[in-house]
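Student: Here's a structure for you.
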Amino acid sequence: MKKATGKDHARSKPPGLMGLVKPYKGLIILLVVLAILSNGLNLIIPKIISHGIDAIEKGQLTLRTIIIQFSLTGIFVFIFAYLQSLVQTYASERVARDLRTRLSERISRQSYAYIQETNPSRLLTNFTSDIDSIKMFVSMAIVSIASSVFIIIGASVLLFTIDWPLALVVLMIIPMIGTTFYLILKRVRGLYMKAREVIDWLNKVITESILGAALIRVLNAQQPEYDKFVAANKDARNIGLSIMRLFSLLIPVIWFSASMATLSILALGGHFVITGSMSLGDLAAFNGYLSMLIFPIILIGFMSNVIAQAGASYSRIQGILSTPDPVEPGTVTELLNGDIALNNITLQYGQKFVLKDVSFSIKAGSRTAIIGPTAAGKTQLLYLLTNLVKPNAGTITYDDRDINEYQKEALHQQVGLVFQDSIIFNISLRENIAFNEMVTDAAMDKAIETAALKDFVASLPDKLNTIVSERGSSLSGGQKQRIMLARALAIQPKILLLDDFTARVDKNTEQQILENVARNYPDITLLSVTQKIADVEQYDQIILLMEGELVAKGTHPELMQTCPEYVQIYQSQRSTSHYELQPE
Amino acid sequence: MNYNLNKPSTKKPSTWVALKKLYQFLGAEQKNLLQAFLAVMVSAGLNLTGPVLAGYAIDHYIQSKQYSGVLMICGILFVMYLIAFGANYLQGRLMGSIGQRMLYNLRNAVFGKLQELPVAFFNQNKAGDLISRINNDTEKVNQFFSQSLIQFSSSIFMMIGAGIFLLSINFRLGAASLLPALLLLLFTRLISPWVRRKNAANMKSTGELSSEIQESLNNFKVIIAFNRRDYFRERFEETNAKNYKAAIGAGVSSNIFTPVFGFSAQIGQMIVLVYGIYMIASGDFTVGLLISFLAYVTNFYNPIRQLAALWANFQVALAGWDRIAEILSMESNLETLPATTSVNGNGSVLAFQDVYFAYPDGKAVLHHVNFQLERGKTYALVGPTGGGKTTTASLMARLYDPTKGTILLNGKDLRTYEPSERSARIGFILQEPFLFSGTIRDNILYGNEQYKALSNEQLTAVLQEANLESLLSRFENGLETPVLASGDAISLGQKQLIVFIRAILRKPELLILDEATANIDTVTEQLLESILKNLPPETTRVIIAHRLNTIENADEIYFVNAGEVQRAGSLDHAVNMLLHEKRES
């Protein structure tokens with residue numbers, strides 16, 4: 001412990017737990033000093049007692065001194081111990097809070113791909129249980145180890161000054177207890193790893209059963225869910241039992257060792273007193289110091305476990321903190337015109353091709369549709385255009401300039417993406433729509449009107465201040481979708497990307513919304529992923545994607561002439577198209 | 001019923017009530033508990049007699065210089081310590097196992113309750129908060145049971161035993177030395193509710209922190225696309241700061257026990273020393289007795305010191321338990337009614353009779369809804385968004401009960417069906433497709449007892465028969481394609497395909513599709529349509545869709561708007577209504 005604070009040692013290793021608490025040096029030192037003071041004063045008590053007893057034997061009673069000594073130490077111990085507990089709480093919570101802030105700052109700068117890769121639920125564990133074990137380290141381990149070492153050394157020194165051969169015998173229990181701890185904790189640690197895995201599994205079952213609650217009820221699969229949980233829980237219990245069995249051996253062994261020490265004190269000490277080389281008071285003090293020794297030894301054993309766990313947690317957190325910020329070479333903040341071009345774009349997830357050598361271009365102010373079957377790569381294409389994912393090969397340009405040359409914020413300010421899945425934050429409707437902070441009230445009103453949400457908003461008792469919920473029943477699928485659109489329009493984008501926007505909005509509303517967009521945002525460049533040909537027949541360009549490849553591009557009449565796949569899709573929708581052709 | 005867990009409760013936390021409820025989870029452990037307590041008493045008793053013998057040795061042998069006597073006592077002590085070792089081990093093991101099994105029962109009970117509760121419960125509570133309750137709060141209870149319970153009970157025994165010894169050796173001195181403990185008891189009683197409250201507040205803010213992180217990280221793409229990385233940071237900072245404050249409050253309150261308990265231990269020792277010396281001076285007491293008396297006082301106050309730390313843990317566990325008990329006290333409002341023989345509904349598969357529905361927040365969604373669905377026909381529900389289509393479908397599948405009116409399935413009140421029978425008869429493809437992590441096979445067989453045991457080959461044959469195989473061939477590794485619950489590896493359209501296969505395989509009598517194919521291309525959709533057409537002739541289908549070609553083959557179309565369900569007659573009429581009706585959404 002002490003060594004790690006040496007500067008040379010600390011530098012050779014990656015920053016460990018000591019590096020973590022370094023910025024809080026002042027607090028930690030204060031903590032250790034308080035702990036040593038309160039525990040050190042405790043050491044005096046047996047001395048006072050033994051003096052008292054010796055005094056009676058010699059017949060020199062000084063009750064007053066004893067009372068004064070005793071109460072003074074008692075009061076000071078109380079004050080120091082209480083201060084220590086306050087500092088302890090404060091220090092550990094501050095370390096935890098600051099670490100959480102650092103984590104959130106680091107994570108908030110990462111790319112979408114990074115979050116997906118590291119997995120949100122694992123990140124949640126970093127924020128909660130990993131931080132908890134570090135908190136435990138700061139609040140308990142540091143103080144316990146410092147004061148335990150102090151007490152052990154102090155008590156040992158005192159034992160030696162009283163009678164060194166007896167002290168040697170008594171102190172034999174330290175290596176004995178140490179070995180027991182080492183052997184048992186070594187095995188427990190392996191079990192802890194297993195337990196963590198089982199708990200992760202248990203948590204996954206819980207999480208999925210909450211998120212899939214509606215489905216489980218529709219399928220009446222509560223029993224299988226319960227069985228799944230019980231199986232996981234049983235594993236957790238069995239590992240818990242194994243750990244417990246090891247631990248239940250630990251405490252009796254320690255007690256037994258301590259008892260053996262008591263026995264030696266009686267046998268040997270008794271002999272010394274009989275031979276006259278030791279006083280009766282000293283014998284009592286010996287017993288007192290022994291009982292003081294045991295607890296710190298046990299504590300150090302347990303704390304070695306806490307330290308090991310905190311170390312593992314911190315290295316996980318460190319892994320995230322040391323992720324470099326994504327490089328942001330883009331500096332261009334110029335306003336976009338709206339020309340878009342994709343040149344030989346390829347996107348791969350592992351071995352699987354999502355997009356293969358796709359090229360096309362879009363003129364500013366034009367309307368383009370992307371059509372294609374499920375899993376054609378349509379959504380991923382929109383993610384590429386908003387820099388959420390990066391292509392494995394090929395380039396994307398806006399106004400003939402590479403997408404990477406643009407400052408990300410500037411780009412996101414001008415490219416509005418309406419996601420396919422409805423993502424509503426648990427905040428007010430106003431904040432959900434004016435999600436980007438630059439949005440003015442006028443821009444927001446225009447967006448709300450365009451997305452045909454005006455009547456809906458007016459029907460709410462709290463209007464725009466209504467808090468909408470995560471998966472709440474308060475919004476229908478179509479309403480969520482329209483809120484998503486309003487959110488994208490509110491930033492007054494130059495380019496609007498729609499991902500299957502019309503899927504959940506009824507015919508009439510859809511038409512009204514598209515007219516509103518054309519009227520309120522006349523110069524906008526529109527790229528719409530859709531399933532319905534009828535809606536986009538008038539578009540300047542239609543692109544047909546299949547299994548990641550661009551099959552055809554052109555206007556509706558062109559594709560009807562040249563592309564059999566397109567015709568097939570068209571046929572599949574034709575039977576009802578006469579309804580869809582009468583707008584009004 | 002209101003299922004919101006975070007509504008402030010007016011009940012005062014009572015330790016006894018909480019303990020009584022917790023006791024239920026001990027189940028059939030009475031015998032083990034008894035054995036454990038016996039072991040605790042044996043080991044505590046032996047640990048207590050040790051100092052008596054030592055004191056005896058000092059008084060009778062050491063002071064009179066009879067070393068053989070000392071050795072004899074040492075021999076007796078050695079045997080005693082050996083027995084204590086065994087009893088100690090037994091005590092730890094028994095208590096530890098009881099704790100583990102109790103935790104096991106507790107977790108099962110919470111999860112089982114969760115499964116009993118209706119969808120409304122999940123809509124009214126945040127996922128992050130629920131997860132935090134089940135994971136973190138049971139863990140707090142666990143920590144107490146697996147780590148502290150043994151020490152807790154043995155400390156209490158040691159304390160009581162030492163107390164009795166103190167009183168029996170010398171009543172006056174004993175009573176005097178116990179005085180500070182009495183004050184301690186009073187102090188603990190007064191302060192504990194406060195400690196528990198502070199810890200409950202801390203857990204609540206931890207739940208908020210976890211739902212905040214959950215929401216932001218799961219929706220990270222929106223945060224990036226709208227330049228709101230600062231939103232994540234700011235929102236997080238706010239909950240983080242709140243959590244910090246609550247945690248400090250909890251820490252400061254929990255930590256008050258240790259110094260106070262330590263202080264009273266010292267006072268106890270001082271009283272014994274001073275009073276003992278006074279008694280020796282007056283000839284009522286011996287030095288040897290004083291030494292062993294001092295050892296007993298230590299034996300009495302050491303466990304009390306330990307109790308200080310444990311008591312704080314105990315309060316934390318109780319606070320966690322309170323939060324779990326809130327879930328356990330919830331009751332499902334969707335009970336199965338006793339079966340009635342009266343059958344009506346004019347032979348329809350499903351009938352709504354004057355059905356009204358409002359959400360618990362008072363928002364009325366459906367009123368005065370009447371319709372009947374005939375066997376083997378296809379029905380379409382159309383209407384503007386927010387008009388009540390999904391709610392109507394949810395009522396059909398009894399995700400909720402109507403506020404007023406009845407729904408009849410095959411002429412019998414839907415509420416009289418056993419859940420297993422109901423779900424076998426009614427299939428419902430939800431608007432938001434949900435997949436469990438695992439494989440596609442796991443997902444299409446989810447909740448399907450009939451096909452669960454089939455080999456992949458047999459299952460493929462079944463799929464072929466149902467014309468579903470061509471859908472499956474779109475996935476690279478077929479049945480064994482891995483599925484992750486989160487993430488974009490599987491597109492929304494693909495998810496809808498899997499969910500579709502899952503529902504068809506169950507062969508329901510009534511199949512409800514709530515925009516089940518919204519994100520599937522129209523060519524594939526035609527395939528799905530032909531699959532639907534080939535379902536057994538007695539299957540009734542209810543389709544909610546916006547795409548008109550999805551519903552053009554419907555036998556009957558209902559127009560759902562502003563909480564009313566009207567028959568639309570023909571498709572033309574329906575389209576007309578869609579285009580021209582005054583809408584409310």
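By order in the structure tokens, chains are A, B, ...; within a chain, residues start at 1; ligands start at 1, following the order shown.
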Could you name the residues that touch B:Phe236 at 8 Å or less, counting only C-alpha atoms, but leaving out those on the same chain fewer than 3 positions away, as a ChimeraX atom specification?

Tutor: /A:101,104 /B:209,212-213,232-233,239-240

Student: For stretch 61-64 of chain B, list every protein, DNA or RNA residue within 9 Å, evaluated using only C-alpha atoms, and leave out those in the same chain fewer than 3 positions away; present the list as a list in words.

Tutor: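 Final neighbour list, sorted by chain and number: Gly270, His271, Val273, Ile274 and Leu280 of chain A; Tyr56, Ala57, Ile58, Tyr67, Ser68, Gly69, Val70 and Gly288 of chain B.
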
Student: Go ahead and write the residues just picked, C-alpha atoms, as a compact mmCIF listing (two decimals), in the first residue's frame.

Tutor:
# COMPACT_ATOMS: atom_id res chain seq x y z
CA GLY A 270 0.85 -17.45 33.79
CA HIS A 271 4.23 -19.11 34.06
CA VAL A 273 3.81 -14.23 36.47
CA ILE A 274 4.42 -17.20 38.77
CA LEU A 280 -0.49 -9.37 36.72
CA TYR B 56 -10.46 -18.38 37.66
CA ALA B 57 -6.94 -19.47 36.69
CA ILE B 58 -5.57 -16.03 37.55
CA TYR B 67 1.32 -23.84 37.65
CA SER B 68 -0.19 -27.34 37.23
CA GLY B 69 -3.61 -25.81 37.82
CA VAL B 70 -2.94 -23.26 35.12
CA GLY B 288 -9.11 -11.49 39.31

Student: What's the separation between atom CA of A:Ala486 and atom CA of A:Ile433, in Å to one decimal place?

Tutor: 6.0 Å

Student: Write out as a ChimeraX atom specification each polymer residue whose atoms come within 12 Å of B:Leu22, counting only C-alpha atoms; drop sequence neighbours fewer than 4 positions from it.

Tutor: /B:15-18,26-27,99,102-103,105-106,109,141,145,317-318,320-322,324-325,328

Student: Tell me, as a list in words, which residues lie within 7 Å of stretch 201-204 of chain A, counting only C-alpha atoms; anything in the same chain fewer than 5 positions away does not count.

Tutor: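 These residues fall inside the cut-off: Phe229, Ala232 and Asn233 of chain A; Asn135 of chain B.
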
Student: Store the residues of this selection in a file with N, CA and C atoms, as a tab-separated table (two decimals), in the first residue's frame.

Tutor:
chain	number	residue	atom	x	y	z
A	229	PHE	N	-36.08	-17.61	-15.43
A	229	PHE	CA	-35.52	-16.83	-14.33
A	229	PHE	C	-35.09	-17.74	-13.19
A	232	ALA	N	-31.81	-19.41	-13.83
A	232	ALA	CA	-30.68	-18.49	-13.63
A	232	ALA	C	-30.48	-18.23	-12.14
A	233	ASN	N	-31.60	-18.04	-11.46
A	233	ASN	CA	-31.54	-17.73	-10.04
A	233	ASN	C	-30.95	-18.91	-9.25
B	135	ASN	N	-32.68	-5.39	-9.53
B	135	ASN	CA	-31.26	-5.72	-9.42
B	135	ASN	C	-30.63	-5.13	-8.17

Student: Please determine, counting only C-alpha atoms, which residue among B:Asn443, B:Ser292, B:Gln315, B:Asn370 has the shortest atom-to-atom distance to B:Val52.

Tutor: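 Going through B:Asn443, B:Ser292, B:Gln315, B:Asn370 one by one, the smallest distance to B:Val52 is for B:Ser292.
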
Student: Using only C-alpha atoms, which residues sit within 9 Å of A:Phe247 once same-chain residues fewer than 6 positions away are excluded, as a compact mmCIF listing (two decimals) with C-alpha atoms, in the first residue's frame?

Tutor:
# COMPACT_ATOMS: atom_id res chain seq x y z
CA ILE A 184 -9.65 -19.10 0.77
CA LEU A 185 -9.82 -15.79 -1.09
CA VAL A 188 -13.47 -17.29 -3.75
CA GLY B 92 -21.88 -19.75 9.73
CA ARG B 93 -22.78 -22.43 7.28

Student: Mind checking which residues fall within 9 Å of B:Phe475, counting only C-alpha atoms, ignoring those fewer than 5 positions away in the same chain, and posting them as a PyMOL selection string?

Tutor: chain B and resi 440+481+494

Student: Grab the atom CA of A:Gly154 to atom CA of B:Leu289 distance for me, in Å with one decimal place.

Tutor: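 Spanning atom CA of A:Gly154 to atom CA of B:Leu289 is a straight-line distance of 27.8 Å.
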
Student: What's around stretch 68-80 of chain A at 9 Å? Count only C-alpha atoms, leave out sequence neighbours fewer than 6 positions away in its own chain, and write the answer as a compact mmCIF listing (two decimals) with N, CA and C atoms, in the first residue's frame.

Tutor:
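Saved to out-v9.txt:
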# COMPACT_ATOMS: atom_id res chain seq x y z
N LEU A 34 -7.20 11.11 10.56
CA LEU A 34 -8.32 10.98 11.50
C LEU A 34 -8.48 9.54 11.96
N ALA A 35 -8.37 8.62 10.98
CA ALA A 35 -8.53 7.21 11.32
C ALA A 35 -7.45 6.77 12.30
N LEU A 37 -5.72 8.66 14.30
CA LEU A 37 -5.91 9.33 15.60
C LEU A 37 -6.94 8.60 16.43
N SER A 38 -8.12 8.30 15.79
CA SER A 38 -9.18 7.69 16.60
C SER A 38 -8.78 6.28 17.02
N ASN A 39 -8.13 5.55 16.13
CA ASN A 39 -7.75 4.19 16.49
C ASN A 39 -6.55 4.17 17.41
N GLY A 40 -5.64 5.12 17.20
CA GLY A 40 -4.44 5.19 18.04
C GLY A 40 -4.82 5.46 19.49
N LEU A 41 -5.79 6.37 19.65
CA LEU A 41 -6.21 6.70 21.02
C LEU A 41 -6.81 5.48 21.69
N ASN A 42 -7.45 4.63 20.88
CA ASN A 42 -8.03 3.41 21.43
C ASN A 42 -6.99 2.53 22.10
N ILE A 44 -4.64 3.36 23.90
CA ILE A 44 -4.26 3.82 25.23
C ILE A 44 -5.13 3.18 26.31
N ILE A 45 -6.38 2.84 25.94
CA ILE A 45 -7.33 2.36 26.94
C ILE A 45 -6.82 1.17 27.76
N ILE A 48 -4.47 2.33 30.34
CA ILE A 48 -5.10 2.99 31.49
C ILE A 48 -5.62 1.93 32.45
N PRO B 259 -19.43 5.67 15.61
CA PRO B 259 -18.80 6.44 16.70
C PRO B 259 -19.63 6.46 17.97
N VAL B 260 -20.94 6.54 17.84
CA VAL B 260 -21.78 6.59 19.04
C VAL B 260 -21.68 5.28 19.81
N GLY B 262 -19.21 3.14 19.72
CA GLY B 262 -17.86 3.04 20.26
C GLY B 262 -17.73 3.85 21.54
N PHE B 263 -18.31 5.02 21.52
CA PHE B 263 -18.23 5.91 22.68
C PHE B 263 -18.90 5.27 23.90
N SER B 264 -20.06 4.68 23.67
CA SER B 264 -20.76 4.10 24.81
C SER B 264 -20.01 2.87 25.34
N GLN B 266 -16.84 2.66 25.55
CA GLN B 266 -15.79 3.19 26.43
C GLN B 266 -16.34 3.62 27.77
N ILE B 267 -17.50 4.24 27.71
CA ILE B 267 -18.13 4.65 28.97
C ILE B 267 -18.38 3.41 29.83
N MET B 270 -15.29 2.26 31.42
CA MET B 270 -14.85 3.18 32.48
C MET B 270 -15.67 2.96 33.74

Student: Please give the complete set of residues from stretch 343-437 of chain A that DSSP, run on the backbone, assigns to strand (DSSP E or B), formatted as a PyMOL selection string.

Tutor: chain A and resi 343-349+352-362+367-371+393-398+401-402+406+415-418+428

Student: Would you put the residues from that selection into a file with C-alpha atoms, as a CSV table (one decimal), in the first residue's frame?

Tutor:
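Contents of again_6.csv, as written:
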chain,number,residue,atom,x,y,z
A,343,ASN,CA,-19.2,7.3,-54.8
A,344,ASN,CA,-18.7,3.5,-54.6
A,345,ILE,CA,-19.9,3.2,-51.1
A,346,THR,CA,-19.3,-0.2,-49.4
A,347,LEU,CA,-20.4,-1.0,-45.9
A,348,GLN,CA,-19.7,-4.2,-44.1
A,349,TYR,CA,-20.6,-5.7,-40.7
A,352,LYS,CA,-21.7,-9.4,-44.2
A,353,PHE,CA,-22.1,-6.8,-46.9
A,354,VAL,CA,-24.8,-4.2,-46.0
A,355,LEU,CA,-24.0,-2.0,-49.0
A,356,LYS,CA,-21.9,-3.0,-52.0
A,357,ASP,CA,-20.4,-0.4,-54.3
A,358,VAL,CA,-23.3,2.0,-54.3
A,359,SER,CA,-23.1,5.2,-56.3
A,360,PHE,CA,-25.6,7.9,-57.1
A,361,SER,CA,-26.1,11.6,-56.9
A,362,ILE,CA,-28.8,13.9,-55.8
A,367,ARG,CA,-36.8,14.8,-54.5
A,368,THR,CA,-35.4,11.3,-54.5
A,369,ALA,CA,-36.9,8.1,-53.2
A,370,ILE,CA,-35.2,4.8,-52.2
A,371,ILE,CA,-37.2,1.7,-52.6
A,393,ALA,CA,-14.9,2.1,-48.8
A,394,GLY,CA,-16.0,4.9,-51.0
A,395,THR,CA,-16.8,8.6,-50.3
A,396,ILE,CA,-19.8,10.7,-49.7
A,397,THR,CA,-19.8,14.3,-50.8
A,398,TYR,CA,-22.1,17.3,-50.0
A,401,ARG,CA,-16.9,18.3,-50.8
A,402,ASP,CA,-16.1,15.2,-48.7
A,406,TYR,CA,-17.5,19.3,-42.7
A,415,VAL,CA,-29.4,17.5,-42.4
A,416,GLY,CA,-32.6,16.4,-40.6
A,417,LEU,CA,-33.1,12.6,-40.2
A,418,VAL,CA,-36.5,11.2,-39.3
A,428,SER,CA,-41.9,17.7,-22.4

Student: With distances taken over only C-alpha atoms, which of A:Lys553, A:Gly478, A:Ala447, A:Pro373 is nearest to B:Thr524?

Tutor: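 Smallest distance to B:Thr524 is found for A:Pro373.
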
Student: Which is closer to B:Lys65 than all the others in A:Arg217, A:Ala308, A:Ile142, A:Thr275, using only C-alpha atoms?

Tutor: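 Comparing A:Arg217, A:Ala308, A:Ile142, A:Thr275 against B:Lys65, the winner is A:Thr275.
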
Student: So how far away is atom CA of B:Lys495 from atom CA of B:Pro433, in Å?

Tutor: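 Separation of atom CA of B:Pro433 and atom CA of B:Lys495: 6.2 Å.
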
Student: Taking only C-alpha atoms into account, name the residue in A:Leu20, A:Ile36, A:Leu63, A:Ala141 that is nearest to chain B.

Tutor: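 Smallest distance to chain B is found for A:Leu63.
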
Student: With only C-alpha atoms as the basis for distance, which of B:Glu326, B:Asp354, B:Glu29, B:Glu215 is at the shortest distance from chain A?

Tutor: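 That would be B:Glu215, the residue with the smallest distance to chain A.
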